[in-house]
Each structure stands twice: as C-alpha cells, then as structure tokens.
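Trainee: Dropping in final.cif, which is mmCIF, N, CA and C atoms:
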data_target
loop_
_atom_site.label_atom_id
_atom_site.label_comp_id
_atom_site.auth_asym_id
_atom_site.auth_seq_id
_atom_site.Cartn_x
_atom_site.Cartn_y
_atom_site.Cartn_z
N MET A 2 -7.82 -10.93 -5.77
CA MET A 2 -6.42 -10.59 -5.91
C MET A 2 -6.10 -9.28 -5.17
N LYS A 3 -6.94 -8.26 -5.34
CA LYS A 3 -6.71 -6.98 -4.70
C LYS A 3 -6.79 -7.12 -3.18
N GLU A 4 -7.76 -7.91 -2.71
CA GLU A 4 -7.90 -8.12 -1.26
C GLU A 4 -6.69 -8.85 -0.69
N GLU A 5 -6.14 -9.78 -1.46
CA GLU A 5 -4.93 -10.49 -1.01
C GLU A 5 -3.75 -9.54 -0.91
N ARG A 6 -3.64 -8.64 -1.89
CA ARG A 6 -2.55 -7.67 -1.90
C ARG A 6 -2.67 -6.72 -0.70
N ILE A 7 -3.89 -6.31 -0.41
CA ILE A 7 -4.13 -5.43 0.74
C ILE A 7 -3.76 -6.15 2.04
N ALA A 8 -4.17 -7.40 2.17
CA ALA A 8 -3.86 -8.18 3.37
C ALA A 8 -2.36 -8.36 3.54
N GLU A 9 -1.67 -8.64 2.44
CA GLU A 9 -0.22 -8.84 2.49
C GLU A 9 0.50 -7.55 2.90
N LEU A 10 0.09 -6.45 2.31
CA LEU A 10 0.71 -5.16 2.63
C LEU A 10 0.43 -4.77 4.08
N ALA A 11 -0.79 -5.01 4.55
CA ALA A 11 -1.14 -4.71 5.93
C ALA A 11 -0.28 -5.53 6.90
N GLU A 12 -0.07 -6.78 6.59
CA GLU A 12 0.74 -7.63 7.47
C GLU A 12 2.20 -7.17 7.49
N ARG A 13 2.73 -6.76 6.34
CA ARG A 13 4.10 -6.24 6.31
C ARG A 13 4.23 -4.99 7.17
N LEU A 14 3.30 -4.06 7.00
CA LEU A 14 3.35 -2.82 7.77
C LEU A 14 3.18 -3.10 9.26
N ARG A 15 2.32 -4.04 9.59
CA ARG A 15 2.11 -4.41 11.00
C ARG A 15 3.39 -5.04 11.57
N ALA A 16 4.05 -5.88 10.78
CA ALA A 16 5.28 -6.53 11.24
C ALA A 16 6.38 -5.51 11.50
N TRP A 17 6.39 -4.42 10.75
CA TRP A 17 7.38 -3.36 10.93
C TRP A 17 6.95 -2.37 12.01
N GLY A 18 5.75 -2.55 12.56
CA GLY A 18 5.25 -1.65 13.59
C GLY A 18 4.76 -0.32 13.04
N LEU A 19 4.41 -0.28 11.76
CA LEU A 19 3.99 0.95 11.12
C LEU A 19 2.50 1.00 10.83
N ASN A 20 1.73 0.10 11.39
CA ASN A 20 0.31 0.03 11.03
C ASN A 20 -0.45 1.29 11.40
N GLY A 21 -0.30 1.81 12.58
CA GLY A 21 -1.02 3.02 12.98
C GLY A 21 -0.57 4.24 12.18
N PHE A 22 0.73 4.39 12.02
CA PHE A 22 1.26 5.52 11.25
C PHE A 22 0.79 5.46 9.81
N ALA A 23 0.90 4.29 9.19
CA ALA A 23 0.50 4.14 7.79
C ALA A 23 -0.99 4.39 7.60
N ALA A 24 -1.81 3.90 8.52
CA ALA A 24 -3.26 4.12 8.41
C ALA A 24 -3.59 5.60 8.53
N SER A 25 -2.98 6.30 9.45
CA SER A 25 -3.21 7.73 9.59
C SER A 25 -2.74 8.49 8.36
N LEU A 26 -1.61 8.10 7.84
CA LEU A 26 -1.07 8.74 6.64
C LEU A 26 -1.99 8.52 5.44
N LEU A 27 -2.49 7.31 5.29
CA LEU A 27 -3.40 7.01 4.18
C LEU A 27 -4.67 7.84 4.26
N GLU A 28 -5.19 7.98 5.46
CA GLU A 28 -6.44 8.73 5.62
C GLU A 28 -6.25 10.22 5.45
N SER A 29 -5.09 10.75 5.80
CA SER A 29 -4.89 12.19 5.72
C SER A 29 -4.28 12.65 4.39
N ALA A 30 -3.71 11.74 3.63
CA ALA A 30 -3.02 12.11 2.39
C ALA A 30 -3.98 12.54 1.29
N GLY A 31 -5.18 12.00 1.28
CA GLY A 31 -6.19 12.38 0.29
C GLY A 31 -5.70 12.29 -1.14
N PRO A 32 -5.80 13.37 -1.90
CA PRO A 32 -5.43 13.34 -3.31
C PRO A 32 -3.94 13.16 -3.56
N LEU A 33 -3.12 13.31 -2.54
CA LEU A 33 -1.69 13.13 -2.73
C LEU A 33 -1.33 11.68 -3.04
N THR A 34 -2.20 10.76 -2.67
CA THR A 34 -1.91 9.35 -2.98
C THR A 34 -1.85 9.12 -4.48
N PHE A 35 -2.68 9.85 -5.25
CA PHE A 35 -2.63 9.72 -6.70
C PHE A 35 -1.27 10.17 -7.23
N LEU A 36 -0.74 11.26 -6.67
CA LEU A 36 0.59 11.72 -7.08
C LEU A 36 1.66 10.71 -6.68
N GLY A 37 1.48 10.09 -5.53
CA GLY A 37 2.41 9.03 -5.12
C GLY A 37 2.41 7.87 -6.10
N ALA A 38 1.22 7.51 -6.59
CA ALA A 38 1.12 6.44 -7.57
C ALA A 38 1.86 6.81 -8.85
N GLN A 39 1.68 8.05 -9.29
CA GLN A 39 2.36 8.50 -10.51
C GLN A 39 3.88 8.50 -10.31
N ALA A 40 4.33 8.87 -9.13
CA ALA A 40 5.76 8.83 -8.84
C ALA A 40 6.29 7.40 -8.88
N LEU A 41 5.50 6.46 -8.36
CA LEU A 41 5.93 5.06 -8.41
C LEU A 41 6.03 4.56 -9.85
N TYR A 42 5.08 4.96 -10.69
CA TYR A 42 5.16 4.57 -12.10
C TYR A 42 6.43 5.15 -12.74
N ALA A 43 6.78 6.38 -12.37
CA ALA A 43 7.94 7.04 -12.96
C ALA A 43 9.26 6.42 -12.52
N VAL A 44 9.37 6.11 -11.23
CA VAL A 44 10.64 5.57 -10.72
C VAL A 44 10.64 4.05 -10.63
N GLY A 45 9.54 3.44 -11.03
CA GLY A 45 9.44 1.98 -10.96
C GLY A 45 10.61 1.24 -11.56
N PRO A 46 11.04 1.60 -12.77
CA PRO A 46 12.18 0.88 -13.35
C PRO A 46 13.45 0.96 -12.51
N MET A 47 13.64 2.05 -11.78
CA MET A 47 14.82 2.18 -10.93
C MET A 47 14.70 1.34 -9.66
N LEU A 48 13.48 0.99 -9.29
CA LEU A 48 13.26 0.17 -8.10
C LEU A 48 13.36 -1.32 -8.37
N ASN A 49 13.43 -1.70 -9.64
CA ASN A 49 13.46 -3.13 -9.99
C ASN A 49 14.55 -3.92 -9.30
N PRO A 50 15.76 -3.37 -9.09
CA PRO A 50 16.77 -4.17 -8.37
C PRO A 50 16.38 -4.45 -6.91
N LEU A 51 15.53 -3.60 -6.34
CA LEU A 51 15.16 -3.76 -4.93
C LEU A 51 13.84 -4.48 -4.73
N PHE A 52 12.87 -4.22 -5.62
CA PHE A 52 11.53 -4.77 -5.49
C PHE A 52 11.07 -5.33 -6.82
N PRO A 53 10.32 -6.43 -6.81
CA PRO A 53 9.78 -6.96 -8.06
C PRO A 53 8.86 -5.94 -8.73
N GLU A 54 8.93 -5.87 -10.04
CA GLU A 54 8.15 -4.89 -10.80
C GLU A 54 6.66 -5.01 -10.54
N ASP A 55 6.16 -6.24 -10.43
CA ASP A 55 4.72 -6.41 -10.21
C ASP A 55 4.28 -5.87 -8.86
N GLU A 56 5.15 -5.90 -7.85
CA GLU A 56 4.80 -5.34 -6.54
C GLU A 56 4.73 -3.81 -6.58
N VAL A 57 5.64 -3.20 -7.30
CA VAL A 57 5.64 -1.74 -7.43
C VAL A 57 4.39 -1.28 -8.18
N THR A 58 4.08 -1.97 -9.27
CA THR A 58 2.90 -1.64 -10.07
C THR A 58 1.63 -1.85 -9.25
N ALA A 59 1.56 -2.94 -8.50
CA ALA A 59 0.38 -3.21 -7.67
C ALA A 59 0.20 -2.14 -6.61
N LEU A 60 1.30 -1.68 -6.01
CA LEU A 60 1.21 -0.62 -5.01
C LEU A 60 0.73 0.69 -5.65
N ALA A 61 1.23 0.98 -6.84
CA ALA A 61 0.79 2.19 -7.54
C ALA A 61 -0.70 2.12 -7.85
N ARG A 62 -1.17 0.98 -8.30
CA ARG A 62 -2.60 0.82 -8.58
C ARG A 62 -3.43 0.96 -7.31
N LEU A 63 -2.92 0.45 -6.22
CA LEU A 63 -3.64 0.57 -4.95
C LEU A 63 -3.74 2.03 -4.54
N LEU A 64 -2.67 2.80 -4.74
CA LEU A 64 -2.68 4.21 -4.38
C LEU A 64 -3.64 5.02 -5.24
N GLU A 65 -3.96 4.54 -6.42
CA GLU A 65 -4.89 5.24 -7.31
C GLU A 65 -6.35 5.00 -6.95
N ASP A 66 -6.62 3.99 -6.16
CA ASP A 66 -7.99 3.58 -5.88
C ASP A 66 -8.40 3.95 -4.44
N PRO A 67 -9.26 4.96 -4.29
CA PRO A 67 -9.65 5.38 -2.93
C PRO A 67 -10.30 4.27 -2.10
N ALA A 68 -11.07 3.41 -2.73
CA ALA A 68 -11.72 2.31 -1.99
C ALA A 68 -10.68 1.34 -1.45
N SER A 69 -9.65 1.06 -2.23
CA SER A 69 -8.59 0.16 -1.78
C SER A 69 -7.79 0.79 -0.64
N LEU A 70 -7.56 2.09 -0.74
CA LEU A 70 -6.84 2.78 0.33
C LEU A 70 -7.62 2.73 1.64
N GLN A 71 -8.92 2.93 1.55
CA GLN A 71 -9.75 2.87 2.76
C GLN A 71 -9.77 1.46 3.33
N ALA A 72 -9.82 0.45 2.45
CA ALA A 72 -9.79 -0.95 2.90
C ALA A 72 -8.47 -1.26 3.60
N LEU A 73 -7.37 -0.74 3.07
CA LEU A 73 -6.06 -0.95 3.69
C LEU A 73 -6.00 -0.25 5.05
N ALA A 74 -6.47 0.99 5.11
CA ALA A 74 -6.46 1.72 6.39
C ALA A 74 -7.32 0.99 7.42
N ASP A 75 -8.48 0.53 7.02
CA ASP A 75 -9.36 -0.22 7.94
C ASP A 75 -8.67 -1.47 8.45
N ARG A 76 -8.00 -2.17 7.55
CA ARG A 76 -7.31 -3.40 7.94
C ARG A 76 -6.16 -3.09 8.89
N LEU A 77 -5.49 -1.98 8.68
CA LEU A 77 -4.37 -1.61 9.55
C LEU A 77 -4.85 -1.25 10.96
N TYR A 78 -6.04 -0.70 11.07
CA TYR A 78 -6.59 -0.37 12.39
C TYR A 78 -7.10 -1.60 13.14
N GLN A 79 -7.39 -2.67 12.43
CA GLN A 79 -7.90 -3.89 13.07
C GLN A 79 -6.80 -4.56 13.88
N GLU A 80 -7.21 -5.29 14.89
CA GLU A 80 -6.27 -6.08 15.66
C GLU A 80 -5.80 -7.26 14.81
N PRO A 81 -4.53 -7.62 14.90
CA PRO A 81 -4.06 -8.76 14.12
C PRO A 81 -4.68 -10.05 14.61
N PRO A 82 -4.90 -10.99 13.67
CA PRO A 82 -5.45 -12.28 14.09
C PRO A 82 -4.49 -13.03 15.01
N SER A 83 -5.00 -13.72 15.99
CA SER A 83 -4.15 -14.43 16.95
C SER A 83 -3.64 -15.72 16.40
#
Write the structure described by the file as structure tokens, please.
Mentor:
Amino acid sequence: MKEERIAELAERLRAWGLNGFAASLLESAGPLTFLGAQALYAVGPMLNPLFPEDEVTALARLLEDPASLQALADRLYQEPPS
C-alpha cells in the first residue's frame, strides 16, 4: 500500500514537472518534513473540501517516515517508464 502511494505521488509530481524540485526538497528538508506532517494533521480538516481526507493523512504519514521519503525521492530521480 505504501509503495503504491509513493508511486502515485511520484507520477503526479512528474506530470506537473516538479519531480526534480520535489526530490531535491525532500532530500534537503531533513527534520522539517516531520513538522510538515504535523501541519498537515492540523489543517487536514480544512483541506477536506479540496482533497480526500485519506490522501492528506497518507501524505502526512509519508512525511513522518524517512525511509518512505527516501523511496519517493529515489523514484522521482528515476526516468519515467516508457
């Protein structure tokens, strides 16, 4: 499930042309990603009209897990499948 979420997020970022920027940001943000996760938990209810609650929660959980962040950054640096 986590790997599917990472793949889906990577494809969205790649489609928006943000894969390189997002990967660099993930690698340089370090402990700030945990604070980002906490911010998502705090404002999550306000984001419900724009994004499904489960997607916001899944993103927050991903930001809390350094291994998942590294997996996402690695996937963003990879060439997209043809």
Trainee: Evaluated on this file, the PyMOL selection byres ((chain A and resi 2-10) around 8) picks out some residues - which ones are they, written as a PyMOL selection string?
Mentor: chain A and resi 11-16+59+69+72-73+76-77
Trainee: I need the residue nearest Phe35 in chain A from this list: A:Pro53, A:Leu64, A:Leu48, A:Thr58. Use all atoms listed in the file for the distance.
Mentor: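 Closest candidate: A:Leu64.
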Trainee: Please indicate the distance in Å from CA of Ala74 in chain A to atom N of Met47 in chain A, rounded to one decimal place.
Mentor: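 Going from CA of Ala74 in chain A over to atom N of Met47 in chain A covers 27.1 Å.
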Trainee: Rounded to one decimal place, report the CA of Glu65 in chain A-CA of Trp17 in chain A distance in Å.
Mentor: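 These atoms are spaced 23.6 Å apart.
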Trainee: May I have all residues of chain A that DSSP, computed from the backbone, assigns to helix (DSSP H, G or I), given as an MDAnalysis selection string?
Mentor: chainID A and resid 3:16 20:30 33:48 54:65 67:78
Trainee: Report the distance between atom C of Ala61 in chain A and atom C of Gln79 in chain A in Å, rounded to one decimal place.
Mentor: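 Computing it gives 23.5 Å between the two atoms.
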Trainee: From the list A:Glu80, A:Asp66, A:Glu56, A:Asp75, which residue is nearest Leu33 in chain A when using only C-alpha atoms?
Mentor: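 Checking each candidate against Leu33 in chain A, we get A:Asp66 as the closest.
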